[in-house]
file upload14.txt (compact mmCIF, C-alpha atoms)
# COMPACT_ATOMS: atom_id res chain seq x y z
CA MET S 181 28.51 92.08 153.02
CA THR S 182 27.51 93.87 156.21
CA GLU S 183 26.33 97.47 156.36
CA ARG S 184 25.65 99.70 159.35
CA TYR S 185 23.42 102.76 159.12
CA ARG S 186 22.74 105.54 161.60
CA VAL S 187 18.96 105.91 161.40
CA THR S 188 16.27 108.29 162.60
CA ILE S 189 12.74 106.94 162.87
CA GLN S 190 9.90 109.44 163.18
CA SER S 191 7.66 107.77 165.77
CA GLN S 192 4.46 108.96 167.41
CA MET S 193 6.62 109.99 170.38
CA GLY S 194 9.00 112.03 168.20
CA PRO S 195 12.25 111.15 166.44
CA ARG S 196 14.19 108.10 167.67
CA GLU S 197 17.86 107.58 166.78
CA GLY S 198 19.44 104.16 166.36
CA VAL S 199 21.71 101.88 164.35
CA LEU S 200 20.53 99.41 161.70
CA ALA S 201 22.98 96.58 160.89
CA LEU S 202 22.28 94.49 157.78
CA SER S 203 24.05 91.35 156.53
CA TYR S 204 23.36 90.17 152.98
CA GLN S 205 23.46 86.56 151.79
CA GLY S 206 22.27 86.77 148.22
CA SER S 207 18.87 88.47 148.40
CA TYR S 208 18.27 87.31 152.00
CA ILE S 209 18.92 89.85 154.78
CA THR S 210 19.49 89.39 158.50
CA GLY S 211 20.52 91.96 161.05
CA SER S 212 19.57 94.08 164.00
CA LEU S 213 18.01 97.41 164.87
CA ASP S 214 19.47 99.01 168.00
CA LEU S 215 16.82 101.53 169.06
CA VAL S 216 15.82 103.15 172.38
CA GLY S 217 18.03 100.79 174.39
CA TYR S 218 16.78 97.55 172.79
CA VAL S 219 18.33 95.38 170.07
CA ASN S 220 15.64 94.03 167.72
CA THR S 221 16.19 91.17 165.26
CA VAL S 222 15.69 92.07 161.59
CA GLN S 223 15.12 89.74 158.65
CA GLY S 224 13.94 90.24 155.12
CA VAL S 225 14.78 90.30 151.44
CA GLN S 226 16.22 92.64 148.86
CA ALA S 227 13.95 92.91 145.81
CA ALA S 228 15.29 92.92 142.24
CA ASP S 229 14.96 96.74 142.17
CA GLY S 230 17.17 97.03 145.29
CA THR S 231 14.34 97.87 147.69
CA LEU S 232 14.67 96.26 151.13
CA HIS S 233 11.61 94.54 152.64
CA LEU S 234 12.31 93.98 156.34
CA PHE S 235 10.32 92.35 159.12
CA HIS S 236 11.19 93.18 162.72
CA PRO S 237 9.81 94.22 166.08
CA ILE S 238 10.38 97.59 167.69
CA GLN S 239 10.61 97.00 171.40
CA THR S 240 9.86 99.81 173.84
CA VAL S 241 9.40 100.03 177.59
CA VAL S 242 5.63 99.78 177.07
CA SER S 243 5.27 97.17 174.30
CA THR S 244 6.78 95.30 171.36
CA ILE S 245 5.46 96.43 167.98
CA PRO S 246 5.74 94.04 164.99
CA CYS S 247 6.66 96.06 161.89
CA GLU S 248 7.10 95.68 158.17
CA THR S 249 9.60 98.17 156.78
CA VAL S 250 10.30 99.06 153.15
CA LEU S 251 13.53 100.98 152.52
CA SER S 252 15.13 102.43 149.41
CA LEU S 253 18.92 102.75 149.29
CA TYR S 254 20.73 105.34 147.21
CA ALA S 255 24.33 106.58 147.48
CA GLY S 256 24.79 105.62 151.12
CA ARG S 257 21.38 106.93 152.23
CA LEU S 258 18.26 105.05 153.13
CA ARG S 259 14.68 106.23 153.30
CA GLY S 260 11.43 104.44 153.82
CA THR S 261 8.47 103.59 156.00
CA SER S 262 7.64 101.13 158.76
CA THR S 263 4.06 99.98 159.02
CA SER S 264 2.45 98.36 162.06
CA LYS S 265 -1.16 97.88 163.17
CA SER S 266 -1.08 101.17 165.06
CA ALA S 267 1.35 103.45 163.19
CA ARG S 268 3.38 104.44 160.15
CA MET S 269 6.90 105.68 160.84
CA GLN S 270 9.25 107.40 158.39
CA TRP S 271 12.93 106.37 158.25
CA ASP S 272 15.99 108.34 157.22
CA GLY S 273 19.52 107.01 157.52
CA THR S 274 23.16 107.31 156.50
CA LEU S 275 25.69 104.56 155.88
CA ILE S 276 28.37 104.59 158.60
CA ARG S 277 30.26 101.39 157.74
CA ARG S 278 30.43 98.70 155.06
CA GLU S 279 32.37 95.48 155.54
CA PRO S 280 32.93 92.81 152.89
CA GLN S 281 31.62 89.29 153.46
CA GLU S 282 34.18 87.10 155.20
CA GLU S 283 35.24 84.13 153.12
CA SER S 284 34.63 80.86 154.91
CA SER S 285 37.31 78.24 154.59
CA LEU S 286 36.13 74.72 153.78

call {"tool": "encode", "arguments": {"input": "upload14.txt", "output": "structure tokens"}}
result
Amino acid sequence: MTERYRVTIQSQMGPREGVLALSYQGSYITGSLDLVGYVNTVQGVQAADGTLHLFHPIQTVVSTIPCETVLSLYAGRLRGTSTSKSARMQWDGTLIRREPQEESSL
């Protein structure tokens, strides 16, 4: 299954809008975070309680910030926090599209 969320991240420079795309393969997650003109690779896991634990950079004009993000999903909304060495950033997002997993033919 693939999900796309419109997200707002509260950074030190103010709110930043973007799109988070997540693909699930069991509990393993891959995807991308399209934010401030850069597409960042996302990977992580979904815990038994449904919480997402994601690892990804946030690239900016000035630097690339490695982040760990923990998100809770509920009824098409996500909320959580990214943590890096220099900052904590709050997330808020809304599901904009869900696509079923394509069946691969063997």

call {"tool": "residues_around", "arguments": {"input": "upload14.txt", "residues": "range 182-186 of chain S", "least_positions_apart": "4", "cutoff": "9 Å", "atoms": "only C-alpha atoms", "output": "VMD selection string"}}
result
chain S and resid 197 to 204 211 256 to 258 272 to 281

call {"tool": "atom_distance", "arguments": {"input": "upload14.txt", "atom1": "CA of Ser266 in chain S", "atom2": "CA of Gly194 in chain S"}}
result
15.1 Å

call {"tool": "closest_atom_pairs", "arguments": {"input": "upload14.txt", "of": "range 251-274 of chain S", "to": "range 213-226 of chain S", "cutoff": "12 Å", "atoms": "all atoms listed in the file", "output": "JSON lines"}}
result
{"residue": "S:Leu251", "atom": "CA", "partner": "S:Gln226", "partner_atom": "CA", "distance": 9.5}
{"residue": "S:Ser252", "atom": "CA", "partner": "S:Gln226", "partner_atom": "CA", "distance": 9.9}
{"residue": "S:Leu253", "atom": "CA", "partner": "S:Gln226", "partner_atom": "CA", "distance": 10.5}

call {"tool": "closest_residue", "arguments": {"input": "upload14.txt", "among": "S:Ser262, S:Ala228, S:Arg268, S:Pro246", "to": "Ser207 in chain S", "atoms": "only C-alpha atoms"}}
result
S:Ala228

call {"tool": "closest_residue", "arguments": {"input": "upload14.txt", "among": "S:Gly260, S:Gly206, S:Gly230, S:Pro195", "to": "Glu248 in chain S", "atoms": "all atoms listed in the file"}}
result
S:Gly260

call {"tool": "atom_distance", "arguments": {"input": "upload14.txt", "atom1": "CA of Ile189 in chain S", "atom2": "CA of Trp271 in chain S"}}
result
4.7 Å

call {"tool": "atom_distance", "arguments": {"input": "upload14.txt", "atom1": "CA of Ala267 in chain S", "atom2": "CA of Ala255 in chain S"}}
result
28.0 Å

call {"tool": "closest_residue", "arguments": {"input": "upload14.txt", "among": "S:Met193, S:Ile209, S:Cys247, S:Met269", "to": "Met181 in chain S", "atoms": "only C-alpha atoms"}}
result
S:Ile209

call {"tool": "closest_residue", "arguments": {"input": "upload14.txt", "among": "S:Ala227, S:Tyr254, S:Ser212, S:Thr188", "to": "Gln239 in chain S", "atoms": "all atoms listed in the file"}}
result
S:Ser212

call {"tool": "closest_residue", "arguments": {"input": "upload14.txt", "among": "S:Val250, S:Arg196, S:Phe235, S:Gln190", "to": "Gln270 in chain S", "atoms": "all atoms listed in the file"}}
result
S:Gln190

call {"tool": "decode", "arguments": {"input": "upload14.txt", "residues": "range 185-201 of chain S", "atoms": "all heavy atoms", "output": "PDB file, in the first residue's frame"}}
result
ATOM      1  N   TYR S 185       0.660  12.008   2.033  1.00  0.00           N
ATOM      2  CA  TYR S 185       0.149  12.960   3.009  1.00  0.00           C
ATOM      3  C   TYR S 185       0.646  14.360   2.672  1.00  0.00           C
ATOM      4  O   TYR S 185       1.811  14.540   2.325  1.00  0.00           O
ATOM      5  CB  TYR S 185       0.658  12.623   4.426  1.00  0.00           C
ATOM      6  CG  TYR S 185       0.090  11.361   4.985  1.00  0.00           C
ATOM      7  CD1 TYR S 185       0.690  10.135   4.725  1.00  0.00           C
ATOM      8  CD2 TYR S 185      -1.051  11.381   5.777  1.00  0.00           C
ATOM      9  CE1 TYR S 185       0.176   8.960   5.239  1.00  0.00           C
ATOM     10  CE2 TYR S 185      -1.575  10.212   6.301  1.00  0.00           C
ATOM     11  CZ  TYR S 185      -0.958   9.005   6.023  1.00  0.00           C
ATOM     12  OH  TYR S 185      -1.483   7.853   6.531  1.00  0.00           O
ATOM     13  N   ARG S 186      -0.216  15.344   2.794  1.00  0.00           N
ATOM     14  CA  ARG S 186       0.202  16.744   2.761  1.00  0.00           C
ATOM     15  C   ARG S 186       0.606  17.067   4.188  1.00  0.00           C
ATOM     16  O   ARG S 186      -0.195  16.874   5.125  1.00  0.00           O
ATOM     17  CB  ARG S 186      -0.930  17.644   2.305  1.00  0.00           C
ATOM     18  CG  ARG S 186      -0.502  19.097   2.298  1.00  0.00           C
ATOM     19  CD  ARG S 186      -1.153  19.960   1.274  1.00  0.00           C
ATOM     20  NE  ARG S 186      -1.502  19.384   0.005  1.00  0.00           N
ATOM     21  CZ  ARG S 186      -0.673  19.226  -1.053  1.00  0.00           C
ATOM     22  NH1 ARG S 186       0.583  19.573  -0.944  1.00  0.00           N
ATOM     23  NH2 ARG S 186      -1.108  18.727  -2.182  1.00  0.00           N
ATOM     24  N   VAL S 187       1.850  17.516   4.382  1.00  0.00           N
ATOM     25  CA  VAL S 187       2.372  17.726   5.730  1.00  0.00           C
ATOM     26  C   VAL S 187       2.828  19.171   5.930  1.00  0.00           C
ATOM     27  O   VAL S 187       3.217  19.857   4.988  1.00  0.00           O
ATOM     28  CB  VAL S 187       3.544  16.770   6.052  1.00  0.00           C
ATOM     29  CG1 VAL S 187       3.080  15.331   6.044  1.00  0.00           C
ATOM     30  CG2 VAL S 187       4.717  16.975   5.109  1.00  0.00           C
ATOM     31  N   THR S 188       2.766  19.597   7.187  1.00  0.00           N
ATOM     32  CA  THR S 188       3.346  20.862   7.619  1.00  0.00           C
ATOM     33  C   THR S 188       4.304  20.530   8.745  1.00  0.00           C
ATOM     34  O   THR S 188       3.934  19.878   9.722  1.00  0.00           O
ATOM     35  CB  THR S 188       2.270  21.839   8.120  1.00  0.00           C
ATOM     36  OG1 THR S 188       1.329  22.062   7.066  1.00  0.00           O
ATOM     37  CG2 THR S 188       2.889  23.156   8.535  1.00  0.00           C
ATOM     38  N   ILE S 189       5.553  20.973   8.573  1.00  0.00           N
ATOM     39  CA  ILE S 189       6.579  20.767   9.591  1.00  0.00           C
ATOM     40  C   ILE S 189       6.932  22.126  10.175  1.00  0.00           C
ATOM     41  O   ILE S 189       7.251  23.064   9.443  1.00  0.00           O
ATOM     42  CB  ILE S 189       7.821  20.087   8.975  1.00  0.00           C
ATOM     43  CG1 ILE S 189       7.426  18.729   8.384  1.00  0.00           C
ATOM     44  CG2 ILE S 189       8.916  19.939  10.032  1.00  0.00           C
ATOM     45  CD1 ILE S 189       8.533  18.059   7.600  1.00  0.00           C
ATOM     46  N   GLN S 190       6.835  22.227  11.493  1.00  0.00           N
ATOM     47  CA  GLN S 190       7.148  23.481  12.187  1.00  0.00           C
ATOM     48  C   GLN S 190       8.649  23.517  12.448  1.00  0.00           C
ATOM     49  O   GLN S 190       9.133  22.935  13.406  1.00  0.00           O
ATOM     50  CB  GLN S 190       6.363  23.575  13.499  1.00  0.00           C
ATOM     51  CG  GLN S 190       4.870  23.547  13.330  1.00  0.00           C
ATOM     52  CD  GLN S 190       4.343  24.746  12.559  1.00  0.00           C
ATOM     53  OE1 GLN S 190       4.909  25.832  12.590  1.00  0.00           O
ATOM     54  NE2 GLN S 190       3.243  24.548  11.859  1.00  0.00           N
ATOM     55  N   SER S 191       9.389  24.193  11.563  1.00  0.00           N
ATOM     56  CA  SER S 191      10.843  24.276  11.686  1.00  0.00           C
ATOM     57  C   SER S 191      11.248  25.544  12.419  1.00  0.00           C
ATOM     58  O   SER S 191      10.411  26.399  12.708  1.00  0.00           O
ATOM     59  CB  SER S 191      11.482  24.261  10.294  1.00  0.00           C
ATOM     60  OG  SER S 191      11.317  25.516   9.664  1.00  0.00           O
ATOM     61  N   GLN S 192      12.547  25.679  12.671  1.00  0.00           N
ATOM     62  CA  GLN S 192      13.060  26.883  13.323  1.00  0.00           C
ATOM     63  C   GLN S 192      12.846  28.112  12.447  1.00  0.00           C
ATOM     64  O   GLN S 192      12.817  29.231  12.939  1.00  0.00           O
ATOM     65  CB  GLN S 192      14.550  26.720  13.623  1.00  0.00           C
ATOM     66  CG  GLN S 192      14.806  25.671  14.674  1.00  0.00           C
ATOM     67  CD  GLN S 192      16.290  25.372  14.810  1.00  0.00           C
ATOM     68  OE1 GLN S 192      17.004  25.285  13.831  1.00  0.00           O
ATOM     69  NE2 GLN S 192      16.723  25.203  16.050  1.00  0.00           N
ATOM     70  N   MET S 193      12.693  27.903  11.145  1.00  0.00           N
ATOM     71  CA  MET S 193      12.484  29.001  10.200  1.00  0.00           C
ATOM     72  C   MET S 193      10.997  29.206   9.883  1.00  0.00           C
ATOM     73  O   MET S 193      10.657  29.880   8.927  1.00  0.00           O
ATOM     74  CB  MET S 193      13.254  28.727   8.910  1.00  0.00           C
ATOM     75  CG  MET S 193      14.743  28.542   9.113  1.00  0.00           C
ATOM     76  SD  MET S 193      15.549  29.962   9.862  1.00  0.00           S
ATOM     77  CE  MET S 193      15.477  31.091   8.504  1.00  0.00           C
ATOM     78  N   GLY S 194      10.123  28.588  10.682  1.00  0.00           N
ATOM     79  CA  GLY S 194       8.687  28.710  10.456  1.00  0.00           C
ATOM     80  C   GLY S 194       8.130  27.459   9.808  1.00  0.00           C
ATOM     81  O   GLY S 194       8.849  26.496   9.559  1.00  0.00           O
ATOM     82  N   PRO S 195       6.832  27.435   9.520  1.00  0.00           N
ATOM     83  CA  PRO S 195       6.202  26.253   8.953  1.00  0.00           C
ATOM     84  C   PRO S 195       6.681  25.982   7.529  1.00  0.00           C
ATOM     85  O   PRO S 195       6.860  26.908   6.742  1.00  0.00           O
ATOM     86  CB  PRO S 195       4.710  26.565   8.988  1.00  0.00           C
ATOM     87  CG  PRO S 195       4.601  28.027   9.209  1.00  0.00           C
ATOM     88  CD  PRO S 195       5.883  28.506   9.784  1.00  0.00           C
ATOM     89  N   ARG S 196       6.892  24.697   7.224  1.00  0.00           N
ATOM     90  CA  ARG S 196       7.290  24.261   5.883  1.00  0.00           C
ATOM     91  C   ARG S 196       6.276  23.224   5.419  1.00  0.00           C
ATOM     92  O   ARG S 196       5.983  22.280   6.135  1.00  0.00           O
ATOM     93  CB  ARG S 196       8.699  23.651   5.893  1.00  0.00           C
ATOM     94  CG  ARG S 196       9.775  24.622   6.332  1.00  0.00           C
ATOM     95  CD  ARG S 196       9.967  25.704   5.286  1.00  0.00           C
ATOM     96  NE  ARG S 196      11.051  26.604   5.623  1.00  0.00           N
ATOM     97  CZ  ARG S 196      10.905  27.881   5.892  1.00  0.00           C
ATOM     98  NH1 ARG S 196       9.705  28.423   5.905  1.00  0.00           N
ATOM     99  NH2 ARG S 196      11.935  28.643   6.149  1.00  0.00           N
ATOM    100  N   GLU S 197       5.748  23.425   4.203  1.00  0.00           N
ATOM    101  CA  GLU S 197       4.739  22.525   3.639  1.00  0.00           C
ATOM    102  C   GLU S 197       5.409  21.547   2.691  1.00  0.00           C
ATOM    103  O   GLU S 197       6.359  21.913   1.986  1.00  0.00           O
ATOM    104  CB  GLU S 197       3.693  23.336   2.878  1.00  0.00           C
ATOM    105  CG  GLU S 197       3.080  24.429   3.707  1.00  0.00           C
ATOM    106  CD  GLU S 197       1.678  24.102   4.153  1.00  0.00           C
ATOM    107  OE1 GLU S 197       1.008  23.318   3.486  1.00  0.00           O
ATOM    108  OE2 GLU S 197       1.273  24.655   5.182  1.00  0.00           O
ATOM    109  N   GLY S 198       4.905  20.315   2.656  1.00  0.00           N
ATOM    110  CA  GLY S 198       5.469  19.317   1.762  1.00  0.00           C
ATOM    111  C   GLY S 198       4.546  18.132   1.594  1.00  0.00           C
ATOM    112  O   GLY S 198       3.398  18.145   2.045  1.00  0.00           O
ATOM    113  N   VAL S 199       5.072  17.090   0.934  1.00  0.00           N
ATOM    114  CA  VAL S 199       4.319  15.858   0.709  1.00  0.00           C
ATOM    115  C   VAL S 199       5.176  14.682   1.169  1.00  0.00           C
ATOM    116  O   VAL S 199       6.342  14.554   0.768  1.00  0.00           O
ATOM    117  CB  VAL S 199       3.936  15.696  -0.776  1.00  0.00           C
ATOM    118  CG1 VAL S 199       3.273  14.340  -1.016  1.00  0.00           C
ATOM    119  CG2 VAL S 199       3.013  16.824  -1.212  1.00  0.00           C
ATOM    120  N   LEU S 200       4.599  13.836   2.010  1.00  0.00           N
ATOM    121  CA  LEU S 200       5.231  12.617   2.493  1.00  0.00           C
ATOM    122  C   LEU S 200       4.574  11.443   1.786  1.00  0.00           C
ATOM    123  O   LEU S 200       3.352  11.284   1.865  1.00  0.00           O
ATOM    124  CB  LEU S 200       5.060  12.490   4.008  1.00  0.00           C
ATOM    125  CG  LEU S 200       5.586  11.213   4.646  1.00  0.00           C
ATOM    126  CD1 LEU S 200       7.108  11.146   4.538  1.00  0.00           C
ATOM    127  CD2 LEU S 200       5.138  11.129   6.099  1.00  0.00           C
ATOM    128  N   ALA S 201       5.356  10.637   1.067  1.00  0.00           N
ATOM    129  CA  ALA S 201       4.859   9.436   0.393  1.00  0.00           C
ATOM    130  C   ALA S 201       5.443   8.226   1.110  1.00  0.00           C
ATOM    131  O   ALA S 201       6.663   8.156   1.322  1.00  0.00           O
ATOM    132  CB  ALA S 201       5.259   9.436  -1.072  1.00  0.00           C
TER     133      ALA S 201
END
